[in-house]
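Below: entry_10.pdb (PDB, C-alpha atoms)
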ATOM      1  CA  MET A1000     -26.534  60.025  24.515
ATOM      2  CA  GLU A1001     -26.215  56.447  23.293
ATOM      3  CA  LEU A1002     -22.925  55.001  22.039
ATOM      4  CA  ILE A1003     -22.432  52.314  19.398
ATOM      5  CA  THR A1004     -19.011  50.687  19.466
ATOM      6  CA  GLY A1005     -18.224  49.163  16.095
ATOM      7  CA  GLY A1006     -20.441  51.897  14.680
ATOM      8  CA  ALA A1007     -18.868  51.728  11.217
ATOM      9  CA  GLY A1008     -20.013  48.128  10.801
ATOM     10  CA  LEU A1009     -23.192  46.987   9.095
ATOM     11  CA  LEU A1010     -25.263  46.357  12.207
ATOM     12  CA  GLY A1011     -23.908  49.519  13.831
ATOM     13  CA  GLY A1012     -24.983  51.547  10.813
ATOM     14  CA  HIS A1013     -28.506  50.118  10.839
ATOM     15  CA  LEU A1014     -28.766  50.778  14.580
ATOM     16  CA  ALA A1015     -27.507  54.350  14.190
ATOM     17  CA  TRP A1016     -30.174  55.117  11.599
ATOM     18  CA  ALA A1017     -32.852  53.724  13.917
ATOM     19  CA  LEU A1018     -31.678  55.831  16.860
ATOM     20  CA  ILE A1019     -31.476  59.049  14.846
ATOM     21  CA  SER A1020     -34.895  58.354  13.315
ATOM     22  CA  ASP A1021     -36.294  58.027  16.856
ATOM     23  CA  GLY A1022     -34.711  61.350  17.844
ATOM     24  CA  VAL A1023     -32.133  59.698  20.123
ATOM     25  CA  PRO A1024     -28.682  61.356  20.198
ATOM     26  CA  ALA A1025     -26.233  58.750  18.881
ATOM     27  CA  ARG A1026     -22.453  58.549  18.807
ATOM     28  CA  LEU A1027     -20.510  56.056  16.724
ATOM     29  CA  PHE A1028     -17.124  54.736  17.802
ATOM     30  CA  ASP A1029     -14.839  52.788  15.484
ATOM     31  CA  PHE A1030     -11.261  52.584  14.242
ATOM     32  CA  ARG A1031     -12.475  53.430  10.728
ATOM     33  CA  THR A1032     -14.765  56.179   9.496
ATOM     34  CA  PRO A1033     -18.329  55.051   8.623
ATOM     35  CA  ASP A1034     -19.195  55.068   4.922
ATOM     36  CA  ARG A1035     -22.799  56.174   5.424
ATOM     37  CA  ALA A1036     -23.371  57.562   8.918
ATOM     38  CA  PRO A1037     -26.799  59.160   9.403
ATOM     39  CA  LYS A1038     -26.910  62.936   9.542
ATOM     40  CA  GLY A1039     -26.873  64.091  13.144
ATOM     41  CA  ALA A1040     -24.857  61.184  14.516
ATOM     42  CA  GLU A1041     -21.538  61.990  16.162
ATOM     43  CA  PHE A1042     -18.410  60.004  15.348
ATOM     44  CA  VAL A1043     -15.352  59.342  17.485
ATOM     45  CA  LYS A1044     -12.457  57.534  15.851
ATOM     46  CA  GLY A1045     -10.443  55.262  18.098
ATOM     47  CA  ASP A1046      -9.324  51.828  19.220
ATOM     48  CA  ILE A1047     -11.547  49.883  21.630
ATOM     49  CA  ARG A1048      -8.345  48.806  23.435
ATOM     50  CA  ASN A1049      -7.177  52.380  24.034
ATOM     51  CA  GLU A1050      -8.269  53.902  27.351
ATOM     52  CA  LYS A1051      -8.075  57.526  26.167
ATOM     53  CA  ASP A1052     -10.106  56.808  23.015
ATOM     54  CA  VAL A1053     -12.845  54.933  24.859
ATOM     55  CA  SER A1054     -13.034  57.462  27.708
ATOM     56  CA  GLU A1055     -13.573  60.240  25.162
ATOM     57  CA  ALA A1056     -16.290  58.231  23.409
ATOM     58  CA  LEU A1057     -18.129  57.589  26.708
ATOM     59  CA  GLU A1058     -18.463  61.258  27.733
ATOM     60  CA  GLY A1059     -22.145  61.947  28.437
ATOM     61  CA  VAL A1060     -23.206  58.404  27.484
ATOM     62  CA  GLU A1061     -25.850  56.437  29.416
ATOM     63  CA  THR A1062     -26.336  53.440  27.117
ATOM     64  CA  VAL A1063     -23.649  51.513  25.219
ATOM     65  CA  TYR A1064     -24.337  49.057  22.407
ATOM     66  CA  HIS A1065     -21.123  47.064  22.303
ATOM     67  CA  LEU A1066     -20.942  45.714  18.755
ATOM     68  CA  ALA A1067     -17.175  46.075  18.253
ATOM     69  CA  ALA A1068     -15.703  42.612  17.689
ATOM     70  CA  LEU A1069     -13.341  40.754  15.422
ATOM     71  CA  MET A1070     -14.154  37.375  13.944
ATOM     72  CA  HIS A1071     -11.244  35.007  13.543
ATOM     73  CA  VAL A1072     -11.933  33.290  10.230
ATOM     74  CA  GLY A1073      -9.502  31.492   7.961
ATOM     75  CA  GLY A1074      -6.017  32.915   8.258
ATOM     76  CA  GLY A1075      -6.938  35.735  10.632
ATOM     77  CA  SER A1076      -4.925  36.302  13.780
ATOM     78  CA  THR A1077      -6.351  34.620  16.881
ATOM     79  CA  ALA A1078      -4.200  36.878  19.063
ATOM     80  CA  LEU A1079      -5.583  40.016  17.410
ATOM     81  CA  ALA A1080      -9.156  38.758  17.703
ATOM     82  CA  ARG A1081      -8.695  38.063  21.400
ATOM     83  CA  SER A1082      -7.119  41.455  22.028
ATOM     84  CA  VAL A1083     -10.111  43.207  20.447
ATOM     85  CA  ASN A1084     -12.840  40.939  21.814
ATOM     86  CA  ILE A1085     -11.561  40.394  25.351
ATOM     87  CA  GLU A1086      -8.996  43.091  26.138
ATOM     88  CA  GLY A1087     -11.133  45.647  24.325
ATOM     89  CA  LEU A1088     -14.176  44.652  26.372
ATOM     90  CA  GLN A1089     -12.183  44.872  29.596
ATOM     91  CA  ASN A1090     -11.047  48.370  28.628
ATOM     92  CA  LEU A1091     -14.650  49.380  27.893
ATOM     93  CA  MET A1092     -15.763  48.113  31.315
ATOM     94  CA  ASP A1093     -12.934  49.910  33.100
ATOM     95  CA  CYS A1094     -13.805  53.180  31.374
ATOM     96  CA  ALA A1095     -17.577  52.711  31.820
ATOM     97  CA  GLU A1096     -17.111  52.281  35.569
ATOM     98  CA  LYS A1097     -15.568  55.758  35.726
ATOM     99  CA  SER A1098     -18.272  57.396  33.608
ATOM    100  CA  GLY A1099     -22.040  57.723  33.859
ATOM    101  CA  VAL A1100     -22.946  54.633  31.850
ATOM    102  CA  ARG A1101     -26.210  53.029  32.993
ATOM    103  CA  ARG A1102     -26.483  49.971  30.723
ATOM    104  CA  ILE A1103     -24.299  47.986  28.299
ATOM    105  CA  VAL A1104     -26.018  45.915  25.608
ATOM    106  CA  PHE A1105     -23.522  43.296  24.464
ATOM    107  CA  ALA A1106     -24.129  41.808  21.011
ATOM    108  CA  SER A1107     -23.460  38.098  21.476
ATOM    109  CA  THR A1108     -23.915  35.014  19.283
ATOM    110  CA  ILE A1109     -25.974  31.840  19.211
ATOM    111  CA  GLU A1110     -22.765  30.042  18.183
ATOM    112  CA  LEU A1111     -21.775  29.864  21.849
ATOM    113  CA  TYR A1112     -24.156  26.891  22.256
ATOM    114  CA  GLY A1113     -21.848  24.856  20.026
ATOM    115  CA  VAL A1114     -22.132  23.048  16.692
ATOM    116  CA  LYS A1115     -24.612  20.516  18.094
ATOM    117  CA  PRO A1116     -27.041  22.644  20.111
ATOM    118  CA  GLU A1117     -29.962  21.258  22.075
ATOM    119  CA  VAL A1118     -33.283  21.279  20.216
ATOM    120  CA  PRO A1119     -34.971  23.564  20.868
ATOM    121  CA  CYS A1120     -32.059  25.579  22.226
ATOM    122  CA  ARG A1121     -32.968  27.924  25.070
ATOM    123  CA  GLU A1122     -30.885  30.560  26.827
ATOM    124  CA  ASP A1123     -30.064  28.182  29.687
ATOM    125  CA  SER A1124     -29.061  25.320  27.376
ATOM    126  CA  SER A1125     -25.525  23.938  27.664
ATOM    127  CA  LYS A1126     -22.709  25.960  26.123
ATOM    128  CA  ASN A1127     -19.890  24.512  24.044
ATOM    129  CA  PRO A1128     -18.540  27.331  21.839
ATOM    130  CA  PRO A1129     -15.976  26.688  19.116
ATOM    131  CA  PRO A1130     -12.621  28.431  19.723
ATOM    132  CA  GLY A1131     -12.238  32.071  18.756
ATOM    133  CA  TYR A1132     -15.165  34.438  18.286
ATOM    134  CA  PRO A1133     -17.922  32.237  19.835
ATOM    135  CA  ALA A1134     -15.751  31.425  22.870
ATOM    136  CA  HIS A1135     -14.873  35.123  23.207
ATOM    137  CA  LYS A1136     -18.566  36.005  23.249
ATOM    138  CA  LEU A1137     -19.324  33.535  26.046
ATOM    139  CA  GLN A1138     -16.370  34.845  28.051
ATOM    140  CA  GLY A1139     -17.570  38.390  27.389
ATOM    141  CA  GLU A1140     -21.014  37.593  28.777
ATOM    142  CA  GLN A1141     -19.425  36.147  31.903
ATOM    143  CA  MET A1142     -17.161  39.188  32.310
ATOM    144  CA  LEU A1143     -20.077  41.588  31.962
ATOM    145  CA  SER A1144     -22.286  39.583  34.307
ATOM    146  CA  ASP A1145     -19.628  39.783  37.037
ATOM    147  CA  PHE A1146     -19.124  43.468  36.205
ATOM    148  CA  ALA A1147     -22.835  44.174  36.711
ATOM    149  CA  LEU A1148     -22.839  42.476  40.101
ATOM    150  CA  ARG A1149     -19.804  44.453  41.205
ATOM    151  CA  THR A1150     -20.696  47.909  39.858
ATOM    152  CA  GLY A1151     -24.482  48.036  39.482
ATOM    153  CA  ILE A1152     -24.111  48.943  35.788
ATOM    154  CA  GLU A1153     -26.733  46.894  33.932
ATOM    155  CA  THR A1154     -25.683  44.446  31.220
ATOM    156  CA  VAL A1155     -27.863  42.573  28.701
ATOM    157  CA  PHE A1156     -26.892  39.910  26.141
ATOM    158  CA  PRO A1157     -28.862  39.516  22.881
ATOM    159  CA  ARG A1158     -27.585  36.415  21.047
ATOM    160  CA  PHE A1159     -27.782  36.606  17.261
ATOM    161  CA  PRO A1160     -27.587  34.023  14.468
ATOM    162  CA  MET A1161     -26.524  35.114  10.957
ATOM    163  CA  ILE A1162     -27.929  38.610  10.311
ATOM    164  CA  LEU A1163     -29.384  39.357   6.870
ATOM    165  CA  GLY A1164     -30.356  42.537   5.065
ATOM    166  CA  ALA A1165     -28.999  45.209   2.741
ATOM    167  CA  GLY A1166     -25.206  45.017   2.758
ATOM    168  CA  PHE A1167     -24.933  41.776   4.763
ATOM    169  CA  TYR A1168     -23.136  39.728   2.094
ATOM    170  CA  HIS A1169     -19.677  39.603   3.643
ATOM    171  CA  PHE A1170     -19.476  35.789   3.778
ATOM    172  CA  LYS A1171     -17.952  34.136   0.698
ATOM    173  CA  LEU A1172     -20.528  31.345   0.684
ATOM    174  CA  ILE A1173     -23.353  33.882   0.427
ATOM    175  CA  LEU A1174     -21.609  35.580  -2.497
ATOM    176  CA  TRP A1175     -21.175  32.233  -4.254
ATOM    177  CA  PHE A1176     -24.871  31.510  -3.764
ATOM    178  CA  PHE A1177     -25.871  34.939  -5.093
ATOM    179  CA  GLU A1178     -23.660  34.628  -8.160
ATOM    180  CA  ALA A1179     -25.034  31.154  -8.866
ATOM    181  CA  ILE A1180     -28.697  32.128  -8.726
ATOM    182  CA  SER A1181     -28.058  35.317 -10.694
ATOM    183  CA  MET A1182     -26.841  33.068 -13.547
ATOM    184  CA  ASN A1183     -29.508  30.371 -13.002
ATOM    185  CA  LEU A1184     -26.828  27.848 -12.043
ATOM    186  CA  PRO A1185     -27.465  24.859  -9.773
ATOM    187  CA  VAL A1186     -26.933  25.231  -6.034
ATOM    188  CA  PHE A1187     -26.253  22.457  -3.581
ATOM    189  CA  VAL A1188     -27.488  21.428  -0.168
ATOM    190  CA  LEU A1189     -25.884  18.902   2.174
ATOM    191  CA  ASP A1190     -27.549  15.463   2.146
ATOM    192  CA  ASP A1191     -31.332  15.850   1.827
ATOM    193  CA  GLY A1192     -31.389  19.443   3.135
ATOM    194  CA  ALA A1193     -33.798  18.520   5.936
ATOM    195  CA  ARG A1194     -31.711  19.979   8.757
ATOM    196  CA  LYS A1195     -33.188  23.056  10.412
ATOM    197  CA  GLY A1196     -31.853  26.553  10.944
ATOM    198  CA  ARG A1197     -32.745  30.097  11.945
ATOM    199  CA  MET A1198     -31.505  33.540  10.926
ATOM    200  CA  VAL A1199     -32.635  37.117  11.580
ATOM    201  CA  ALA A1200     -33.276  40.244   9.524
ATOM    202  CA  ALA A1201     -31.176  43.305  10.320
ATOM    203  CA  ARG A1202     -34.273  45.373  11.154
ATOM    204  CA  ASP A1203     -35.356  42.771  13.705
ATOM    205  CA  ALA A1204     -31.840  42.582  15.167
ATOM    206  CA  VAL A1205     -31.929  46.366  15.608
ATOM    207  CA  ALA A1206     -35.376  46.196  17.213
ATOM    208  CA  ALA A1207     -34.031  43.614  19.661
ATOM    209  CA  LEU A1208     -31.023  45.788  20.546
ATOM    210  CA  LEU A1209     -33.339  48.695  21.311
ATOM    211  CA  LEU A1210     -35.585  46.493  23.460
ATOM    212  CA  CYS A1211     -32.543  45.219  25.365
ATOM    213  CA  ALA A1212     -31.549  48.835  26.037
ATOM    214  CA  ARG A1213     -34.959  50.054  27.150
ATOM    215  CA  THR A1214     -36.671  47.166  28.918
ATOM    216  CA  PRO A1215     -36.417  47.395  32.724
ATOM    217  CA  GLY A1216     -35.490  44.468  34.935
ATOM    218  CA  VAL A1217     -33.389  42.485  32.461
ATOM    219  CA  CYS A1218     -29.918  42.992  33.924
ATOM    220  CA  ARG A1219     -27.573  40.023  33.303
ATOM    221  CA  GLU A1220     -30.199  38.355  31.095
ATOM    222  CA  ALA A1221     -29.493  36.702  27.729
ATOM    223  CA  PHE A1222     -31.976  36.509  24.859
ATOM    224  CA  ASN A1223     -31.974  34.446  21.672
ATOM    225  CA  ILE A1224     -32.900  36.759  18.796
ATOM    226  CA  CYS A1225     -34.064  35.123  15.547
ATOM    227  CA  ALA A1226     -36.754  35.365  12.904
ATOM    228  CA  ASP A1227     -40.024  33.631  13.727
ATOM    229  CA  ASP A1228     -39.613  30.861  11.173
ATOM    230  CA  VAL A1229     -37.611  27.664  11.549
ATOM    231  CA  PHE A1230     -36.620  26.551   8.044
ATOM    232  CA  THR A1231     -35.080  23.470   6.489
ATOM    233  CA  HIS A1232     -31.957  24.204   4.469
ATOM    234  CA  ARG A1233     -33.496  22.972   1.209
ATOM    235  CA  ARG A1234     -36.742  24.877   1.631
ATOM    236  CA  PHE A1235     -34.840  28.037   2.560
ATOM    237  CA  LEU A1236     -32.741  27.919  -0.627
ATOM    238  CA  GLU A1237     -35.778  27.123  -2.767
ATOM    239  CA  ASP A1238     -37.740  30.024  -1.291
ATOM    240  CA  VAL A1239     -34.919  32.505  -1.912
ATOM    241  CA  ILE A1240     -34.483  31.261  -5.491
ATOM    242  CA  GLU A1241     -38.216  31.692  -6.121
ATOM    243  CA  LYS A1242     -38.361  35.159  -4.543
ATOM    244  CA  ALA A1243     -35.278  36.233  -6.544
ATOM    245  CA  GLY A1244     -36.916  35.140  -9.804
ATOM    246  CA  SER A1245     -34.089  32.718 -10.557
ATOM    247  CA  LYS A1246     -34.344  29.443 -12.468
ATOM    248  CA  SER A1247     -31.681  27.759 -10.352
ATOM    249  CA  ARG A1248     -32.429  24.335  -8.910
ATOM    250  CA  VAL A1249     -31.316  22.813  -5.623
ATOM    251  CA  PHE A1250     -29.419  19.524  -5.726
ATOM    252  CA  SER A1251     -28.266  17.309  -2.877
ATOM    253  CA  ILE A1252     -24.612  16.557  -2.243
ATOM    254  CA  PRO A1253     -23.862  13.680   0.145
ATOM    255  CA  TYR A1254     -21.864  14.409   3.262
ATOM    256  CA  ALA A1255     -19.447  11.633   2.267
ATOM    257  CA  VAL A1256     -18.572  13.668  -0.828
ATOM    258  CA  ALA A1257     -18.721  17.153   0.709
ATOM    259  CA  ALA A1258     -16.641  16.443   3.826
ATOM    260  CA  PRO A1259     -13.283  15.576   2.162
ATOM    261  CA  VAL A1260     -13.689  18.457  -0.290
ATOM    262  CA  GLU A1261     -14.366  20.893   2.532
ATOM    263  CA  GLU A1262     -11.411  19.539   4.512
ATOM    264  CA  ALA A1263      -9.098  19.963   1.520
ATOM    265  CA  LEU A1264     -10.295  23.526   0.936
ATOM    266  CA  GLN A1265      -9.774  24.322   4.620
ATOM    267  CA  SER A1266      -6.184  23.050   4.473
ATOM    268  CA  LEU A1267      -5.547  25.263   1.441
ATOM    269  CA  ARG A1268      -7.389  28.192   3.083
ATOM    270  CA  LEU A1269      -9.712  28.326   0.089
ATOM    271  CA  SER A1270     -12.952  27.310   1.784
ATOM    272  CA  PRO A1271     -15.822  29.826   1.418
ATOM    273  CA  VAL A1272     -17.063  28.880   4.886
ATOM    274  CA  ALA A1273     -15.458  28.747   8.319
ATOM    275  CA  ARG A1274     -14.945  25.237   9.665
ATOM    276  CA  GLU A1275     -17.423  25.716  12.508
ATOM    277  CA  HIS A1276     -20.088  26.966  10.077
ATOM    278  CA  PHE A1277     -19.727  23.788   8.040
ATOM    279  CA  LEU A1278     -20.158  21.779  11.242
ATOM    280  CA  PHE A1279     -23.242  23.815  12.163
ATOM    281  CA  SER A1280     -24.807  22.691   8.868
ATOM    282  CA  LEU A1281     -24.681  19.075  10.082
ATOM    283  CA  SER A1282     -27.086  19.683  12.983
ATOM    284  CA  ASP A1283     -30.572  21.029  13.580
ATOM    285  CA  CYS A1284     -30.200  24.591  14.895
ATOM    286  CA  ASP A1285     -33.507  25.711  16.381
ATOM    287  CA  TYR A1286     -33.070  28.518  18.900
ATOM    288  CA  SER A1287     -36.126  29.316  20.984
ATOM    289  CA  ILE A1288     -37.101  33.002  21.046
ATOM    290  CA  ASP A1289     -39.936  32.500  23.545
ATOM    291  CA  LYS A1290     -38.057  34.332  26.306
ATOM    292  CA  ALA A1291     -37.380  37.383  24.108
ATOM    293  CA  LYS A1292     -41.049  37.517  23.145
ATOM    294  CA  ARG A1293     -42.268  37.120  26.709
ATOM    295  CA  VAL A1294     -39.821  39.400  28.531
ATOM    296  CA  LEU A1295     -38.821  41.981  25.919
ATOM    297  CA  GLY A1296     -41.955  42.022  23.811
ATOM    298  CA  TYR A1297     -39.802  41.108  20.805
ATOM    299  CA  ARG A1298     -41.856  40.615  17.634
ATOM    300  CA  PRO A1299     -39.828  39.780  14.508
ATOM    301  CA  THR A1300     -41.351  41.112  11.291
ATOM    302  CA  THR A1301     -39.349  39.434   8.514
ATOM    303  CA  ASP A1302     -38.901  35.745   7.694
ATOM    304  CA  ALA A1303     -35.422  34.435   6.871
ATOM    305  CA  ALA A1304     -35.994  33.824   3.149
ATOM    306  CA  SER A1305     -37.353  37.352   2.643
ATOM    307  CA  ALA A1306     -34.378  38.793   4.508
ATOM    308  CA  MET A1307     -31.945  36.788   2.373
ATOM    309  CA  THR A1308     -33.747  37.890  -0.791
ATOM    310  CA  GLU A1309     -33.427  41.512   0.323
ATOM    311  CA  THR A1310     -29.716  40.879   0.834
ATOM    312  CA  TYR A1311     -29.484  39.363  -2.655
ATOM    313  CA  PHE A1312     -31.093  42.329  -4.396
ATOM    314  CA  SER A1313     -28.905  44.812  -2.483
ATOM    315  CA  TYR A1314     -25.884  42.880  -3.767
ATOM    316  CA  ILE A1315     -27.062  42.636  -7.380
ATOM    317  CA  ARG A1316     -28.163  46.282  -7.585
ATOM    318  CA  GLY A1317     -25.020  47.840  -6.155
ATOM    319  CA  GLY A1318     -23.083  45.682  -3.786
ATOM    320  CA  ARG A1319     -21.388  43.633  -6.492
ATOM    321  CA  ALA A1320     -19.943  46.756  -8.112
ATOM    322  CA  GLU A1321     -18.829  48.114  -4.727
ATOM    323  CA  LEU A1322     -17.042  44.877  -3.870
ATOM    324  CA  LYS A1323     -15.270  44.784  -7.236
ATOM    325  CA  LYS A1324     -14.155  48.378  -6.751
ATOM    326  CA  GLN A1325     -12.919  47.607  -3.245
ATOM    327  CA  LEU A1326     -11.031  44.532  -4.482
ATOM    328  CA  SER A1327      -9.453  46.577  -7.272
ATOM    329  CA  ASN A1328      -8.352  49.258  -4.798
ATOM    330  CA  ASP A1329      -6.909  46.616  -2.453
ATOM    331  CA  LEU A1330      -4.884  45.092  -5.301
ATOM    332  CA  LEU A1331      -3.556  48.500  -6.363
ATOM    333  CA  LYS A1332      -2.311  49.169  -2.820
ATOM    334  CA  ARG A1333      -0.139  46.049  -2.836
TER     335      ARG A1333
END
As C-alpha cells, how would this structure be written, given the file I've shared?
Amino acid sequence: MELITGGAGLLGGHLAWALISDGVPARLFDFRTPDRAPKGAEFVKGDIRNEKDVSEALEGVETVYHLAALMHVGGGSTALARSVNIEGLQNLMDCAEKSGVRRIVFASTIELYGVKPEVPCREDSSKNPPPGYPAHKLQGEQMLSDFALRTGIETVFPRFPMILGAGFYHFKLILWFFEAISMNLPVFVLDDGARKGRMVAARDAVAALLLCARTPGVCREAFNICADDVFTHRRFLEDVIEKAGSKSRVFSIPYAVAAPVEEALQSLRLSPVAREHFLFSLSDCDYSIDKAKRVLGYRPTTDAASAMTETYFSYIRGGRAELKKQLSNDLLKR
C-alpha cells in the first residue's frame, strides 16, 4: 500500500491515477474529500497534525508520498502554514516510526535555493529560501534527513519548480495570462524578457515521484525535477501564445515601471503574484537535472510551453466555468 498525503490536491490526484493505473494499491489522505479520486483508491479523511488520523492512514503502508503542505501567500496565516508544514511533518514522522513505513518521498521546492540561485543551480548549491513555504521545505528536508539516520526509514527529496498541466491554474497571474490570450490582448514581460526559467509538466513530476519511491540507494538524496528545456521568459510566452492559437503580442515593461506598481499592489494585497515570485523573475533560474537523469533515470517528456498550453486549454474548456461556480458558491456562503 502506498499513501499520498495531500491526496485531494492536484499533484496528489495525478499521482493517484498513475498508481492505480500501474496496479499499485493507493490510499489518499487529506482534510477534504477529493473531487475526482480514481476508482479503487482508498480515502482517509483527517488532519496531518492529528496523531490518530495519521496513524490510521499509515496502516499497512510501506511508501509515503508526502505532498500535504500549505503555501503562505498574500494574507494567509504564517502560523497556520508552519503548523501544517512543520508540525504536520513531525507528526507524520512520529507515526511512521511506529508503523511499517519503508520510505518517505517528500515533495520539496526549487525555491529553497533563493531568489538569486546559482547558474546552473545544482542540488548542492547554496540555499537561501524566502520565509514561509520555501523555508519550511528546507527545514523539512533537514528533519527527514536526520530522521532517516536515526530510524533507518528512507527519505528522498524531489525539488519541483512550478508544475503545469490540466487543472494547474491556481495562481492569479496564470489566470490573468490565460484571460488575456483568450481575448487576443497584449501580455507583458519584464525588461527584455531574456531571463531564463524552468518548469515541469505534471506527468513528469509524477514520473519523478515514482522514481524517487522505487529507485534503490537514494536515501537522503535531493533531486531537481524540471522539464528538459531552459526557456527565456519572452520566448516562453510567445510559444504558448502560438500554440494556443492566440493573436496576442508580447510587450516589454521596464523594471523601473513594474517595481513600484508591484510594490503598491503588494501593500494593498491585490498583487496577482507572491513577492518572492516577482523577485524570482529578476534572475536567471536554471536548475540542473543532470543528477536526476543519472541516478534516477528521469526522462522528462514534455517541454514547458506545451505543458502551459495544456493547462490553458484545460482552463478554457472547463476550468473557467468551474472557478466561476466555486467563486459564486463562496460568495453565497458569506
Using only C-alpha atoms for the distances, tell me which of A:Tyr1132, A:Phe1277, A:Phe1170, A:Phe1028 is nearest to A:Glu1110.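 Looking at the shortest contact to A:Glu1110, the residue is A:Tyr1132.
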Mind giving me the axis-aligned box for stretch 1042-1059 of chain A with 4 Å on every side, centre plus edges in Å to one decimal, as AutoDock Vina command-line options?
--center_x -14.7 --center_y 55.4 --center_z 21.9 --size_x 23.0 --size_y 21.1 --size_z 21.1
Residues near A:Gly1008, cut-off 12 Å, all atoms listed in the file, skip fewer than 4 positions along chain, as JSON, numbers by chain: {"A": [1003, 1004, 1012, 1013, 1014, 1015, 1027, 1028, 1029, 1030, 1031, 1032, 1033, 1034, 1035, 1036, 1065, 1066, 1067, 1068, 1069, 1166, 1167, 1169]}
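Here the selection is built from only C-alpha atoms, and the residues within 9 Å of (-23.6, 24.9, 24.1) turn out to be Ile1109, Glu1110, Leu1111, Tyr1112, Gly1113, Val1114, Lys1115, Pro1116, Glu1117, Cys1120, Ser1124, Ser1125, Lys1126, Asn1127 and Pro1128 of chain A.
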Selection near A:Asn1223, 10 Å with only C-alpha atoms, sequence-local residues under 5 positions removed, as a short mmCIF file (atom, residue, chain, number, x, y, z; two decimals) with C-alpha atoms, keeping the file's coordinate frame:
data_model
loop_
_atom_site.label_atom_id
_atom_site.label_comp_id
_atom_site.auth_asym_id
_atom_site.auth_seq_id
_atom_site.Cartn_x
_atom_site.Cartn_y
_atom_site.Cartn_z
CA SER A 1107 -23.46 38.10 21.48
CA THR A 1108 -23.92 35.01 19.28
CA ILE A 1109 -25.97 31.84 19.21
CA CYS A 1120 -32.06 25.58 22.23
CA ARG A 1121 -32.97 27.92 25.07
CA GLU A 1122 -30.88 30.56 26.83
CA PHE A 1156 -26.89 39.91 26.14
CA PRO A 1157 -28.86 39.52 22.88
CA ARG A 1158 -27.58 36.42 21.05
CA PHE A 1159 -27.78 36.61 17.26
CA PRO A 1160 -27.59 34.02 14.47
CA ALA A 1207 -34.03 43.61 19.66
CA TYR A 1286 -33.07 28.52 18.90
CA SER A 1287 -36.13 29.32 20.98
CA ILE A 1288 -37.10 33.00 21.05
CA ASP A 1289 -39.94 32.50 23.54
CA LYS A 1290 -38.06 34.33 26.31
CA ALA A 1291 -37.38 37.38 24.11
CA LYS A 1292 -41.05 37.52 23.14
#
Atom pair atom CA of A:Ala1212 / atom CA of A:Gly1059: separation (Å): 16.3 Å
Nearest to A:Met1092 by atom-to-atom distance, counting all atoms listed in the file, from A:Ala1147, A:Ala1221, A:Ile1162, A:Ala1017: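 Smallest distance to A:Met1092 is found for A:Ala1147.
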Chain and number of each residue from the PyMOL selection byres ((chain A and resi 1245-1251) around 8), as number ranges by chain: A: 1179-1192, 1233, 1236-1237, 1240-1244, 1252-1253
Take the PyMOL selection byres ((chain A and resi 1054) around 10), run it mentally on this structure, and tell me the resulting residues as a PyMOL selection string. chain A and resi 1047+1049-1053+1055-1058+1090-1091+1093-1095+1097-1098
Could you give me, as a PyMOL selection string, the residues within 6 Å of A:Phe1230, counting only C-alpha atoms and dropping anything in the same chain fewer than 5 positions from it? chain A and resi 1195-1196+1235
Between A:Phe1105, A:Ala1303, A:Glu1061, A:Pro1133, which has the minimum distance to A:Arg1081 (counting only C-alpha atoms)?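 Of A:Phe1105, A:Ala1303, A:Glu1061, A:Pro1133, the one nearest A:Arg1081, counting only C-alpha atoms, is A:Pro1133.
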Go through the shown structure with the PyMOL selection byres ((chain A and resi 1225) around 6) and write out the matching residues as a list in words.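 What the PyMOL selection byres ((chain A and resi 1225) around 6) grabs from the file is Met1198, Val1199, Ile1224 and Ala1226 of chain A.
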Expressed in Å to a single decimal, how great is the separation between atom CA of A:Tyr1297 and atom CA of A:Asp1203?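 Value for the atom CA of A:Tyr1297-atom CA of A:Asp1203 distance: 8.5 Å.
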Provide the atom CA of A:Thr1077 to atom CA of A:Gly1139 distance in Å, to one decimal place.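 Atom-to-atom, atom CA of A:Thr1077 and atom CA of A:Gly1139 are spaced 15.8 Å apart.
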Which residue is closest to A:Ser1305? Choose from A:Ala1165, A:Ala1106, A:Leu1010, A:Val1100 and count all atoms listed in the file. A:Ala1165
From the block you just saw, export stretch 1029-1054 of chain A: C-alpha atoms, as a PDB file, in the first residue's frame.
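Output file decode.pdb is given in full below:
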ATOM      1  CA  ASP A1029      -6.465  14.797   3.156  1.00  0.00           C
ATOM      2  CA  PHE A1030      -8.643  17.083   5.258  1.00  0.00           C
ATOM      3  CA  ARG A1031     -11.043  17.433   2.316  1.00  0.00           C
ATOM      4  CA  THR A1032     -12.624  14.815   0.087  1.00  0.00           C
ATOM      5  CA  PRO A1033     -11.068  14.509  -3.409  1.00  0.00           C
ATOM      6  CA  ASP A1034     -13.230  15.743  -6.281  1.00  0.00           C
ATOM      7  CA  ARG A1035     -12.094  13.066  -8.733  1.00  0.00           C
ATOM      8  CA  ALA A1036     -10.344  10.190  -6.964  1.00  0.00           C
ATOM      9  CA  PRO A1037      -9.593   7.214  -9.226  1.00  0.00           C
ATOM     10  CA  LYS A1038     -11.764   4.151  -8.784  1.00  0.00           C
ATOM     11  CA  GLY A1039     -10.048   1.679  -6.493  1.00  0.00           C
ATOM     12  CA  ALA A1040      -8.164   4.238  -4.420  1.00  0.00           C
ATOM     13  CA  GLU A1041      -8.899   4.348  -0.701  1.00  0.00           C
ATOM     14  CA  PHE A1042      -9.514   7.640   1.081  1.00  0.00           C
ATOM     15  CA  VAL A1043      -8.911   8.566   4.705  1.00  0.00           C
ATOM     16  CA  LYS A1044     -10.095  11.976   5.840  1.00  0.00           C
ATOM     17  CA  GLY A1045      -8.006  13.653   8.503  1.00  0.00           C
ATOM     18  CA  ASP A1046      -5.602  16.337   9.651  1.00  0.00           C
ATOM     19  CA  ILE A1047      -1.872  15.815   9.065  1.00  0.00           C
ATOM     20  CA  ARG A1048      -1.299  17.276  12.559  1.00  0.00           C
ATOM     21  CA  ASN A1049      -3.558  14.734  14.270  1.00  0.00           C
ATOM     22  CA  GLU A1050      -1.799  11.601  15.535  1.00  0.00           C
ATOM     23  CA  LYS A1051      -4.897   9.374  15.422  1.00  0.00           C
ATOM     24  CA  ASP A1052      -5.761  10.427  11.856  1.00  0.00           C
ATOM     25  CA  VAL A1053      -2.245   9.872  10.533  1.00  0.00           C
ATOM     26  CA  SER A1054      -1.788   6.557  12.363  1.00  0.00           C
TER      27      SER A1054
END
